[in-house]
$ cat query-v8.txt   # compact mmCIF, C-alpha atoms and all ligand atoms
# COMPACT_ATOMS: atom_id res chain seq x y z
CA MET Z 1430 100.50 137.53 104.62
CA SER Z 1431 97.87 134.93 104.15
CA ASP Z 1432 96.72 132.62 106.91
CA TYR Z 1433 97.11 129.57 104.72
CA ALA Z 1434 99.88 127.00 105.11
CA ILE Z 1435 99.52 126.26 101.41
CA GLU Z 1436 98.05 128.68 98.95
CA ALA Z 1437 97.97 128.47 95.16
CA THR Z 1438 96.44 130.86 92.67
CA ASP Z 1439 95.76 129.86 89.10
CA LEU Z 1440 98.70 127.48 89.14
CA VAL Z 1441 99.59 126.05 85.73
CA ARG Z 1442 102.22 123.60 84.53
CA GLU Z 1443 102.61 122.81 80.89
CA PHE Z 1444 105.10 120.24 79.67
CA LYS Z 1445 106.87 120.70 76.34
CA ASN Z 1446 105.25 118.36 73.85
CA GLY Z 1447 103.04 117.26 76.69
CA PRO Z 1448 99.70 118.04 78.26
CA ARG Z 1449 98.75 120.99 80.40
CA ALA Z 1450 99.28 118.72 83.39
CA VAL Z 1451 98.02 121.31 85.90
CA ASP Z 1452 95.54 123.67 84.35
CA GLY Z 1453 94.87 126.59 86.66
CA ILE Z 1454 94.26 125.35 90.17
CA ASP Z 1455 93.49 127.36 93.29
CA LEU Z 1456 94.22 125.96 96.73
CA GLY Z 1457 93.96 127.15 100.31
CA VAL Z 1458 95.04 124.73 102.99
CA ALA Z 1459 94.79 125.87 106.62
CA PRO Z 1460 97.57 125.22 109.12
CA GLY Z 1461 97.16 121.81 110.76
CA GLU Z 1462 94.70 120.64 108.14
CA ILE Z 1463 94.96 117.33 106.30
CA TYR Z 1464 94.13 118.07 102.68
CA GLY Z 1465 93.43 115.08 100.46
CA PHE Z 1466 94.19 115.55 96.77
CA LEU Z 1467 92.20 112.78 95.15
CA GLY Z 1468 92.39 111.82 91.50
CA PRO Z 1469 93.12 109.05 89.00
CA ASN Z 1470 96.47 108.32 87.41
CA GLY Z 1471 97.68 111.19 85.28
CA ALA Z 1472 95.32 113.74 86.87
CA GLY Z 1473 98.14 116.13 87.76
CA LYS Z 1474 98.66 115.29 91.44
CA SER Z 1475 102.42 114.76 91.37
CA THR Z 1476 102.99 117.75 89.11
CA THR Z 1477 101.14 119.91 91.64
CA VAL Z 1478 103.20 118.50 94.50
CA HIS Z 1479 106.42 119.09 92.54
CA MET Z 1480 105.51 122.76 92.06
CA LEU Z 1481 104.53 123.21 95.71
CA THR Z 1482 107.78 121.60 96.88
CA THR Z 1483 109.90 123.79 94.51
CA LEU Z 1484 111.06 120.83 92.41
CA LEU Z 1485 109.34 122.15 89.30
CA PRO Z 1486 108.73 125.81 88.40
CA PRO Z 1487 105.14 126.70 87.52
CA THR Z 1488 104.45 127.75 83.94
CA SER Z 1489 102.23 130.46 85.40
CA GLY Z 1490 100.35 131.30 88.55
CA THR Z 1491 101.67 131.61 92.07
CA ALA Z 1492 101.98 129.46 95.13
CA ARG Z 1493 103.04 130.10 98.70
CA VAL Z 1494 103.94 127.39 101.17
CA ALA Z 1495 104.48 128.15 104.87
CA GLY Z 1496 104.20 131.79 103.85
CA TYR Z 1497 106.98 131.71 101.24
CA ASP Z 1498 106.75 132.02 97.49
CA VAL Z 1499 107.75 128.75 95.81
CA VAL Z 1500 109.56 130.58 92.98
CA THR Z 1501 111.32 133.48 94.68
CA GLU Z 1502 111.79 131.98 98.16
CA GLY Z 1503 112.67 128.37 97.36
CA PRO Z 1504 115.20 127.85 100.17
CA GLN Z 1505 112.77 129.09 102.83
CA VAL Z 1506 110.04 126.83 101.45
CA ARG Z 1507 112.37 123.83 101.45
CA ALA Z 1508 113.42 124.50 105.04
CA ALA Z 1509 109.81 124.51 106.18
CA ILE Z 1510 108.54 121.43 104.38
CA GLY Z 1511 109.00 117.69 104.41
CA ALA Z 1512 108.14 115.53 101.43
CA ALA Z 1513 107.75 111.84 100.75
CA LEU Z 1514 107.51 111.65 96.98
CA GLN Z 1515 106.36 108.85 94.74
CA GLU Z 1516 109.73 108.13 93.25
CA ALA Z 1517 111.48 108.20 96.62
CA ALA Z 1518 114.73 106.35 96.34
CA LEU Z 1519 115.85 104.27 99.28
CA ASP Z 1520 119.20 102.53 99.15
CA PRO Z 1521 118.59 98.79 99.52
CA LEU Z 1522 122.00 98.30 101.10
CA LEU Z 1523 121.54 100.82 103.90
CA THR Z 1524 119.58 100.12 107.07
CA GLY Z 1525 116.62 102.18 108.20
CA ARG Z 1526 118.70 103.83 110.89
CA GLU Z 1527 121.45 104.68 108.41
CA HIS Z 1528 118.92 106.34 106.12
CA LEU Z 1529 117.70 108.53 108.95
CA ARG Z 1530 121.20 109.51 110.09
CA LEU Z 1531 122.09 110.37 106.53
CA GLN Z 1532 118.95 112.45 106.17
CA ALA Z 1533 119.73 114.19 109.47
CA SER Z 1534 123.16 115.20 108.22
CA LEU Z 1535 121.76 116.30 104.83
CA GLN Z 1536 119.34 118.47 106.74
CA ALA Z 1537 122.27 119.85 108.71
CA LEU Z 1538 121.04 118.77 112.11
CA PRO Z 1539 123.75 119.27 114.73
CA ARG Z 1540 125.86 116.12 114.96
CA ALA Z 1541 124.95 115.56 118.60
CA GLU Z 1542 121.23 115.47 117.79
CA ARG Z 1543 121.33 113.14 114.80
CA ASN Z 1544 121.27 109.79 116.58
CA GLN Z 1545 118.60 110.81 118.99
CA ARG Z 1546 116.42 112.21 116.23
CA ALA Z 1547 116.89 109.05 114.17
CA ASN Z 1548 115.90 106.85 117.12
CA GLU Z 1549 112.92 109.01 117.94
CA LEU Z 1550 111.57 108.84 114.39
CA ILE Z 1551 112.24 105.12 114.03
CA ALA Z 1552 110.15 104.53 117.12
CA ARG Z 1553 107.50 106.92 115.97
CA VAL Z 1554 106.87 105.07 112.70
CA GLY Z 1555 107.10 101.65 114.36
CA LEU Z 1556 110.35 100.46 112.82
CA THR Z 1557 112.39 99.95 115.98
CA HIS Z 1558 112.51 96.19 115.49
CA ALA Z 1559 113.83 96.62 111.93
CA ALA Z 1560 116.03 99.69 112.36
CA ASP Z 1561 119.28 97.84 111.78
CA ARG Z 1562 118.10 95.69 108.91
CA LYS Z 1563 118.95 96.60 105.35
CA VAL Z 1564 116.07 98.24 103.50
CA ARG Z 1565 116.38 95.45 100.90
CA GLY Z 1566 114.44 93.24 103.29
CA TYR Z 1567 111.70 95.76 104.09
CA SER Z 1568 108.09 95.29 103.02
CA GLY Z 1569 106.35 98.00 101.00
CA GLY Z 1570 104.65 99.30 104.13
CA MET Z 1571 107.95 99.51 106.02
CA LYS Z 1572 109.54 101.46 103.16
CA ARG Z 1573 106.68 103.97 103.11
CA ARG Z 1574 107.02 104.38 106.89
CA LEU Z 1575 110.74 105.00 106.48
CA ASP Z 1576 109.97 107.59 103.75
CA LEU Z 1577 107.66 109.30 106.21
CA ALA Z 1578 110.26 109.27 108.99
CA MET Z 1579 112.84 110.77 106.61
CA ALA Z 1580 110.45 113.53 105.64
CA LEU Z 1581 110.06 114.40 109.33
CA VAL Z 1582 113.74 114.66 110.27
CA HIS Z 1583 113.84 118.47 110.42
CA SER Z 1584 110.38 118.81 112.05
CA PRO Z 1585 108.65 120.43 109.05
CA SER Z 1586 105.48 122.42 109.54
CA VAL Z 1587 104.09 121.32 106.17
CA LEU Z 1588 104.27 117.76 104.95
CA PHE Z 1589 103.72 116.54 101.38
CA LEU Z 1590 102.90 112.89 100.83
CA ASP Z 1591 102.51 111.77 97.23
CA GLU Z 1592 100.44 108.57 97.15
CA PRO Z 1593 101.99 107.29 100.37
CA THR Z 1594 99.95 104.12 100.49
CA THR Z 1595 99.62 103.08 96.84
CA GLY Z 1596 100.19 99.36 96.55
CA LEU Z 1597 100.05 98.74 100.30
CA ASP Z 1598 97.78 96.22 101.92
CA ILE Z 1599 95.02 97.57 104.12
CA GLN Z 1600 96.83 96.95 107.43
CA SER Z 1601 99.92 98.90 106.34
CA ARG Z 1602 97.69 101.59 104.92
CA THR Z 1603 95.77 101.95 108.17
CA ALA Z 1604 98.98 102.12 110.21
CA LEU Z 1605 100.23 104.97 108.04
CA TRP Z 1606 96.89 106.78 108.29
CA ASP Z 1607 97.11 106.63 112.07
CA GLU Z 1608 100.56 108.16 112.04
CA VAL Z 1609 99.60 110.93 109.61
CA ALA Z 1610 96.48 111.75 111.61
CA ARG Z 1611 98.58 111.95 114.77
CA LEU Z 1612 101.06 114.33 113.12
CA ALA Z 1613 98.26 116.69 112.23
CA ARG Z 1614 96.39 116.43 115.55
CA GLU Z 1615 99.30 116.45 117.98
CA ASP Z 1616 102.05 118.31 116.17
CA GLU Z 1617 99.80 120.57 114.09
CA VAL Z 1618 101.62 119.62 110.93
CA THR Z 1619 99.79 120.65 107.76
CA VAL Z 1620 99.49 117.62 105.48
CA PHE Z 1621 99.01 117.70 101.72
CA LEU Z 1622 98.38 114.14 100.66
CA THR Z 1623 97.67 112.82 97.19
CA THR Z 1624 95.80 109.59 96.71
CA GLN Z 1625 93.89 107.47 94.24
CA TYR Z 1626 92.01 105.83 97.08
CA LEU Z 1627 88.54 107.06 97.90
CA GLU Z 1628 88.71 105.49 101.30
CA GLU Z 1629 91.99 107.15 102.14
CA ALA Z 1630 90.58 110.58 101.38
CA ASP Z 1631 87.39 109.71 103.21
CA VAL Z 1632 89.04 108.47 106.39
CA LEU Z 1633 91.99 110.80 106.66
CA ALA Z 1634 91.34 114.13 105.02
CA ASP Z 1635 89.69 117.09 106.72
CA ARG Z 1636 89.05 118.46 103.27
CA VAL Z 1637 89.27 116.89 99.84
CA GLY Z 1638 90.03 118.36 96.44
CA ILE Z 1639 89.16 116.12 93.52
CA ILE Z 1640 91.52 116.64 90.60
CA ASP Z 1641 90.89 115.41 87.09
CA GLN Z 1642 92.83 116.35 83.95
CA GLY Z 1643 94.59 119.22 85.69
CA HIS Z 1644 91.43 120.76 87.13
CA ILE Z 1645 89.98 120.72 90.61
CA VAL Z 1646 86.46 119.53 89.88
CA ALA Z 1647 85.15 119.49 93.46
CA GLU Z 1648 86.35 120.56 96.86
CA GLY Z 1649 85.04 120.38 100.40
CA THR Z 1650 84.75 118.13 103.40
CA THR Z 1651 83.78 114.60 102.44
CA ASP Z 1652 80.36 115.16 103.99
CA GLU Z 1653 79.85 118.34 101.99
CA LEU Z 1654 80.89 116.66 98.77
CA LYS Z 1655 78.62 113.69 99.34
CA ALA Z 1656 75.72 115.91 100.32
CA GLU Z 1657 76.27 117.89 97.14
CA VAL Z 1658 75.84 114.90 94.83
CA GLY Z 1659 73.01 113.18 96.54
CA ARG Z 1660 70.96 112.41 99.55
CA PRO Z 1661 71.11 109.09 101.33
CA THR Z 1662 68.58 106.44 100.45
CA VAL Z 1663 66.78 104.15 102.82
CA GLU Z 1664 65.92 100.65 101.70
CA ALA Z 1665 63.71 98.12 103.46
CA ILE Z 1666 62.57 94.55 102.93
CA PRO Z 1667 59.26 93.63 104.55
CA ALA Z 1668 59.23 90.59 106.78
CA ASP Z 1669 55.91 89.64 105.23
CA PRO Z 1670 55.87 90.05 101.42
CA GLU Z 1671 52.18 90.99 101.66
CA ASP Z 1672 53.25 94.21 103.43
CA ALA Z 1673 55.25 95.38 100.39
CA VAL Z 1674 52.65 97.85 99.13
CA ARG Z 1675 51.93 99.26 102.58
CA LEU Z 1676 55.66 99.60 103.16
CA ALA Z 1677 56.12 101.40 99.84
CA ASP Z 1678 53.28 103.84 100.65
CA MET Z 1679 54.72 104.55 104.06
CA LEU Z 1680 58.27 105.10 102.85
CA ALA Z 1681 57.02 107.40 100.09
CA ARG Z 1682 56.23 109.92 102.85
CA PHE Z 1683 59.97 110.33 103.38
CA GLY Z 1684 61.17 110.78 99.83
CA ASP Z 1685 60.91 109.81 96.20
CA PRO Z 1686 60.92 106.12 95.41
CA CYS Z 1687 64.09 104.82 93.76
CA GLY Z 1688 65.32 101.48 92.61
CA SER Z 1689 65.64 98.51 94.91
CA THR Z 1690 66.23 94.96 93.77
CA LYS Z 1691 65.17 93.34 96.98
CA GLY Z 1692 62.56 95.54 98.60
CA VAL Z 1693 61.49 99.15 98.66
CA ALA Z 1694 63.78 102.21 98.55
CA VAL Z 1695 63.35 105.96 98.72
CA ARG Z 1696 65.78 108.85 98.45
CA LEU Z 1697 65.40 110.69 101.76
CA GLU Z 1698 64.01 114.22 101.48
CA THR Z 1699 65.77 115.69 104.47
CA GLY Z 1700 68.92 113.66 104.72
CA GLU Z 1701 70.07 111.15 107.22
CA THR Z 1702 68.28 112.64 110.20
CA SER Z 1703 64.93 111.22 109.19
CA LEU Z 1704 66.03 107.60 109.51
CA ALA Z 1705 64.82 107.59 113.10
CA ASP Z 1706 61.48 108.89 111.88
CA VAL Z 1707 61.32 106.08 109.35
CA VAL Z 1708 61.88 103.50 112.04
CA ARG Z 1709 59.25 105.09 114.27
CA ALA Z 1710 56.74 105.23 111.43
CA LEU Z 1711 57.32 101.58 110.62
CA ASP Z 1712 56.75 100.75 114.24
CA ASP Z 1713 53.57 102.83 114.45
CA ALA Z 1714 52.20 101.22 111.30
CA GLY Z 1715 53.01 97.79 112.66
CA ILE Z 1716 55.05 96.89 109.58
CA GLU Z 1717 57.74 94.41 110.39
CA VAL Z 1718 60.86 94.60 108.24
CA ALA Z 1719 63.34 91.81 107.70
CA ASN Z 1720 66.08 94.29 106.90
CA LEU Z 1721 66.65 98.02 106.77
CA TRP Z 1722 69.60 99.85 105.23
CA LEU Z 1723 70.79 103.40 104.99
CA HIS Z 1724 72.87 103.93 101.86
CA GLN Z 1725 75.21 106.93 101.95
CA PRO Z 1726 76.55 108.47 98.77
CA THR Z 1727 80.27 107.77 98.42
CA LEU Z 1728 83.14 109.88 97.12
CA ASP Z 1729 82.94 107.75 93.99
CA ASP Z 1730 79.41 109.03 93.44
CA VAL Z 1731 80.95 112.52 93.71
CA PHE Z 1732 83.67 111.71 91.21
CA LEU Z 1733 81.14 110.18 88.84
CA ALA Z 1734 78.86 113.21 89.11
CA LYS Z 1735 81.71 115.61 88.36
CA THR Z 1736 83.58 113.72 85.64
CA GLY Z 1737 81.15 111.20 84.21
CA ARG Z 1738 83.63 108.45 85.07
CA SER Z 1739 84.14 106.20 88.04
CA LEU Z 1740 87.34 106.45 90.03
CA GLU Z 1741 86.97 102.94 91.33
CA GLY Z 1742 87.68 101.34 88.00
CA SER Z 1743 91.14 102.90 88.07
CA ASP Z 1744 92.04 101.28 91.38
CA ASP Z 1745 94.27 98.33 90.69
CA ASP Z 1746 93.43 96.50 93.87
CA GLU Z 1747 90.41 96.02 96.04
CA ALA Z 1748 87.83 98.75 95.69
CA GLU Z 1749 85.51 100.10 98.27
CA PRO Z 1750 81.99 98.77 97.92
CA SER Z 1751 80.14 101.32 95.82
CA ARG Z 1752 77.50 101.70 98.45
CA ARG Z 1753 78.35 101.51 102.07
CA GLU Z 1754 75.62 99.68 103.84
CA LEU Z 1755 74.64 100.34 107.40
CA ALA Z 1756 72.49 97.42 108.37
CA ALA Z 1757 70.05 98.27 111.11
CA GLU Z 1758 68.47 95.83 113.46
CA PRO Z 1759 65.20 94.49 112.11
CA VAL Z 1760 62.47 96.53 113.72
N1 LIG Z 1801 108.07 115.45 82.81
C1 LIG Z 1801 106.94 115.31 82.09
N2 LIG Z 1801 106.93 115.56 80.77
C2 LIG Z 1801 105.78 115.44 80.05
N3 LIG Z 1801 104.60 115.10 80.57
C3 LIG Z 1801 104.54 114.84 81.89
C4 LIG Z 1801 105.69 114.94 82.72
N4 LIG Z 1801 105.32 114.64 84.00
C5 LIG Z 1801 104.01 114.36 83.95
N5 LIG Z 1801 103.52 114.48 82.70
C6 LIG Z 1801 102.13 114.30 82.28
O1 LIG Z 1801 101.33 115.19 83.02
C7 LIG Z 1801 100.09 114.60 83.39
C8 LIG Z 1801 99.95 114.62 84.88
O2 LIG Z 1801 100.93 113.76 85.47
P1 LIG Z 1801 101.10 113.58 87.03
O3 LIG Z 1801 101.13 114.92 87.66
O4 LIG Z 1801 102.27 112.69 87.24
O5 LIG Z 1801 99.73 112.85 87.41
P2 LIG Z 1801 99.35 112.02 88.74
O6 LIG Z 1801 100.43 112.23 89.74
O7 LIG Z 1801 98.03 112.55 89.14
O8 LIG Z 1801 99.25 110.59 88.32
C9 LIG Z 1801 100.12 113.20 82.80
O9 LIG Z 1801 99.44 113.23 81.56
C10 LIG Z 1801 101.59 112.93 82.62
O10 LIG Z 1801 101.79 112.03 81.56
MG MG Z 1802 101.61 110.87 90.72
$ encode --input "query-v8.txt" --output "structure tokens"
Amino acid sequence: MSDYAIEATDLVREFKNGPRAVDGIDLGVAPGEIYGFLGPNGAGKSTTVHMLTTLLPPTSGTARVAGYDVVTEGPQVRAAIGAALQEAALDPLLTGREHLRLQASLQALPRAERNQRANELIARVGLTHAADRKVRGYSGGMKRRLDLAMALVHSPSVLFLDEPTTGLDIQSRTALWDEVARLAREDEVTVFLTTQYLEEADVLADRVGIIDQGHIVAEGTTDELKAEVGRPTVEAIPADPEDAVRLADMLARFGDPCGSTKGVAVRLETGETSLADVVRALDDAGIEVANLWLHQPTLDDVFLAKTGRSLEGSDDDEAEPSRRELAAEPV
């Protein structure tokens, strides 16, 4: 028995007359971990989720979820998992509470427990005020929260969320992130979450796998992935333009010069930790700066490095700024 909550070995799914949607992926997700499966449209995220949730048989390879083989032990897998899938169908004419009661009976919860479980989950996802309204009147965020509640009815140990926040505004997205994080931290639920959003993976996932054209092209914690593609850069603008050369010479002690439109920038030799040294050195040299930034590499830099394309362009709504700027106090 493996120690993984989700484990896949050389998993492949080929569609007839279609692409090799999933082209030999390996996964190992630890119990209680939030694993972010990040990739553009058509990368193979949903196909992977469908195989792991027993909805689609793999063409080849093996996968175990909650310790059970997805092909030979389908019923055991299904009993252990919850899933909120992309094409989730809610009935517009039923209320939120009715959906949950229905789900509770489908999951064969004892009759006496169904109402209580429904109420509990409604409260948990913040829908108490809307529980008896028809889903027709729900916002996108409320529907995704109801999907999540329905996936939790039978207290699964592994939860699959396929693009749970696509199309949601940032407030609804953040509310869902909080709930998912709480499930993992407090209830030790293992979460496998697909997303097209860099920020979602960045904020929520303990570990991220980047999938492109059926392949996992990078995997690790977000910090590991970012560190792999590049070191942070520090950029400064002198308060007195006459100090520009002196500033450039001083910063060059910390790394190789790189482009800056406004001032002077270097790619730090030793990573983020030397920012304090930079500030001290500026102080010692008596160079006053008008502004100082630390630029961290982003997950988009990772995606770009691995695929030659930017993931941000494929976002249909607001994108994360390509460089996250941490403005420091002028020294
Ligand atoms: N039932 C299907 N038949 C044929 N091709 C499919 C089918 N489902 C998905 N595909 C193709 O497989 C690839 C991966 O799709 P999918 O897993 O849905 O990607 P994602 O969820 O990352 O957007 C795409 O090229 C898609 O068109
Ligand atoms: Mg999909």
$ residues_near_ligand --input "query-v8.txt" --ligand "ligand LIG 1801 (chain Z)" --cutoff "9 Å" --atoms "all atoms listed in the file" --output "number ranges by chain"
Z: 1442-1451, 1467-1479, 1515, 1591-1592, 1623-1625, 1640-1643
$ closest_residue --input "query-v8.txt" --among "Z:Ser1689, Z:Ser1601, Z:Thr1651, Z:Thr1595" --to "ligand MG 1802 (chain Z)" --atoms "all atoms listed in the file"
Z:Thr1595
$ atom_distance --input "query-v8.txt" --atom1 "atom CA of Z:Gly1511" --atom2 "atom CA of Z:Asp1455"
21.4 Å
$ closest_residue --input "query-v8.txt" --among "Z:Val1564, Z:Leu1740, Z:Ala1541, Z:Thr1488" --to "Z:Leu1522" --atoms "only C-alpha atoms"
Z:Val1564
$ closest_residue --input "query-v8.txt" --among "Z:Asp1685, Z:Glu1462, Z:Asp1452, Z:Glu1516" --to "ligand MG 1802 (chain Z)" --atoms "only C-alpha atoms and all ligand atoms"
Z:Glu1516
$ atom_distance --input "query-v8.txt" --atom1 "atom CA of Z:Leu1733" --atom2 "atom CA of Z:Phe1466"
16.2 Å
$ atom_distance --input "query-v8.txt" --atom1 "atom CA of Z:Ala1613" --atom2 "atom CA of Z:Pro1726"
26.8 Å
$ residues_near_point --input "query-v8.txt" --point "(120.9, 109.6, 114.9)" --cutoff "10 Å" --atoms "all atoms listed in the file" --output "number ranges by chain"
Z: 1526-1534, 1538, 1540-1551, 1582
$ closest_atom_pairs --input "query-v8.txt" --of "stretch 1471-1556 of chain Z" --to "stretch 1437-1441 of chain Z" --cutoff "12 Å" --atoms "only C-alpha atoms" --output "JSON lines"
{"residue": "Z:Gly1473", "atom": "CA", "partner": "Z:Val1441", "partner_atom": "CA", "distance": 10.2}
{"residue": "Z:Thr1476", "atom": "CA", "partner": "Z:Val1441", "partner_atom": "CA", "distance": 9.6}
{"residue": "Z:Thr1477", "atom": "CA", "partner": "Z:Leu1440", "partner_atom": "CA", "distance": 8.3}
{"residue": "Z:Val1478", "atom": "CA", "partner": "Z:Ala1437", "partner_atom": "CA", "distance": 11.3}
{"residue": "Z:His1479", "atom": "CA", "partner": "Z:Val1441", "partner_atom": "CA", "distance": 11.9}
{"residue": "Z:Met1480", "atom": "CA", "partner": "Z:Leu1440", "partner_atom": "CA", "distance": 8.8}
{"residue": "Z:Leu1481", "atom": "CA", "partner": "Z:Ala1437", "partner_atom": "CA", "distance": 8.4}
{"residue": "Z:Leu1485", "atom": "CA", "partner": "Z:Val1441", "partner_atom": "CA", "distance": 11.1}
{"residue": "Z:Pro1486", "atom": "CA", "partner": "Z:Val1441", "partner_atom": "CA", "distance": 9.5}
{"residue": "Z:Pro1487", "atom": "CA", "partner": "Z:Val1441", "partner_atom": "CA", "distance": 5.9}
{"residue": "Z:Thr1488", "atom": "CA", "partner": "Z:Val1441", "partner_atom": "CA", "distance": 5.5}
{"residue": "Z:Ser1489", "atom": "CA", "partner": "Z:Val1441", "partner_atom": "CA", "distance": 5.2}
{"residue": "Z:Gly1490", "atom": "CA", "partner": "Z:Leu1440", "partner_atom": "CA", "distance": 4.2}
{"residue": "Z:Thr1491", "atom": "CA", "partner": "Z:Thr1438", "partner_atom": "CA", "distance": 5.3}
{"residue": "Z:Ala1492", "atom": "CA", "partner": "Z:Ala1437", "partner_atom": "CA", "distance": 4.1}
{"residue": "Z:Arg1493", "atom": "CA", "partner": "Z:Ala1437", "partner_atom": "CA", "distance": 6.4}
{"residue": "Z:Val1494", "atom": "CA", "partner": "Z:Ala1437", "partner_atom": "CA", "distance": 8.5}
{"residue": "Z:Ala1495", "atom": "CA", "partner": "Z:Ala1437", "partner_atom": "CA", "distance": 11.7}
{"residue": "Z:Gly1496", "atom": "CA", "partner": "Z:Ala1437", "partner_atom": "CA", "distance": 11.2}
{"residue": "Z:Tyr1497", "atom": "CA", "partner": "Z:Ala1437", "partner_atom": "CA", "distance": 11.3}
{"residue": "Z:Asp1498", "atom": "CA", "partner": "Z:Ala1437", "partner_atom": "CA", "distance": 9.8}
{"residue": "Z:Val1499", "atom": "CA", "partner": "Z:Ala1437", "partner_atom": "CA", "distance": 9.8}
{"residue": "Z:Val1500", "atom": "CA", "partner": "Z:Leu1440", "partner_atom": "CA", "distance": 11.9}
$ residues_around --input "query-v8.txt" --residues "Z:Ile1666" --least-positions-apart "6" --cutoff "6 Å" --atoms "all atoms listed in the file" --output "count of residues only"
4
$ closest_residue --input "query-v8.txt" --among "Z:Met1579, Z:Ile1639, Z:Leu1514, Z:Val1646" --to "ligand MG 1802 (chain Z)" --atoms "all atoms listed in the file"
Z:Leu1514
$ build_atoms --input "query-v8.txt" --residues "stretch 1657-1676 of chain Z" --atoms "N, CA and C atoms" --output "tab-separated table (two decimals), in the coordinates of the input"
chain	number	residue	atom	x	y	z
Z	1657	GLU	N	76.45	117.15	98.37
Z	1657	GLU	CA	76.27	117.89	97.14
Z	1657	GLU	C	75.75	116.99	96.01
Z	1658	VAL	N	76.25	115.76	95.95
Z	1658	VAL	CA	75.84	114.90	94.83
Z	1658	VAL	C	74.56	114.13	95.10
Z	1659	GLY	N	74.22	113.96	96.36
Z	1659	GLY	CA	73.01	113.18	96.54
Z	1659	GLY	C	72.66	113.00	97.98
Z	1660	ARG	N	71.43	112.68	98.19
Z	1660	ARG	CA	70.96	112.41	99.55
Z	1660	ARG	C	71.03	110.91	99.79
Z	1661	PRO	N	71.10	110.52	101.04
Z	1661	PRO	CA	71.11	109.09	101.33
Z	1661	PRO	C	69.78	108.44	100.94
Z	1662	THR	N	69.82	107.16	100.69
Z	1662	THR	CA	68.58	106.44	100.45
Z	1662	THR	C	68.37	105.45	101.58
Z	1663	VAL	N	67.10	105.17	101.84
Z	1663	VAL	CA	66.78	104.15	102.82
Z	1663	VAL	C	66.06	103.03	102.08
Z	1664	GLU	N	66.45	101.82	102.40
Z	1664	GLU	CA	65.92	100.65	101.70
Z	1664	GLU	C	65.43	99.66	102.73
Z	1665	ALA	N	64.27	99.06	102.49
Z	1665	ALA	CA	63.71	98.12	103.46
Z	1665	ALA	C	63.12	96.91	102.75
Z	1666	ILE	N	63.21	95.78	103.42
Z	1666	ILE	CA	62.57	94.55	102.93
Z	1666	ILE	C	61.52	94.15	103.98
Z	1667	PRO	N	60.28	94.00	103.56
Z	1667	PRO	CA	59.26	93.63	104.55
Z	1667	PRO	C	59.45	92.19	105.00
Z	1668	ALA	N	59.15	91.95	106.27
Z	1668	ALA	CA	59.23	90.59	106.78
Z	1668	ALA	C	58.17	89.73	106.09
Z	1669	ASP	N	57.01	90.34	105.89
Z	1669	ASP	CA	55.91	89.64	105.23
Z	1669	ASP	C	55.74	90.26	103.84
Z	1670	PRO	N	55.96	89.49	102.77
Z	1670	PRO	CA	55.87	90.05	101.42
Z	1670	PRO	C	54.54	90.76	101.16
Z	1671	GLU	N	53.49	90.35	101.85
Z	1671	GLU	CA	52.18	90.99	101.66
Z	1671	GLU	C	52.18	92.46	102.12
Z	1672	ASP	N	53.16	92.82	102.94
Z	1672	ASP	CA	53.25	94.21	103.43
Z	1672	ASP	C	53.95	95.14	102.44
Z	1673	ALA	N	54.40	94.59	101.30
Z	1673	ALA	CA	55.25	95.38	100.39
Z	1673	ALA	C	54.60	96.69	99.96
Z	1674	VAL	N	53.31	96.64	99.61
Z	1674	VAL	CA	52.65	97.85	99.13
Z	1674	VAL	C	52.50	98.87	100.26
Z	1675	ARG	N	52.07	98.38	101.41
Z	1675	ARG	CA	51.93	99.26	102.58
Z	1675	ARG	C	53.27	99.90	102.94
Z	1676	LEU	N	54.31	99.11	102.87
Z	1676	LEU	CA	55.66	99.60	103.16
Z	1676	LEU	C	56.05	100.69	102.15
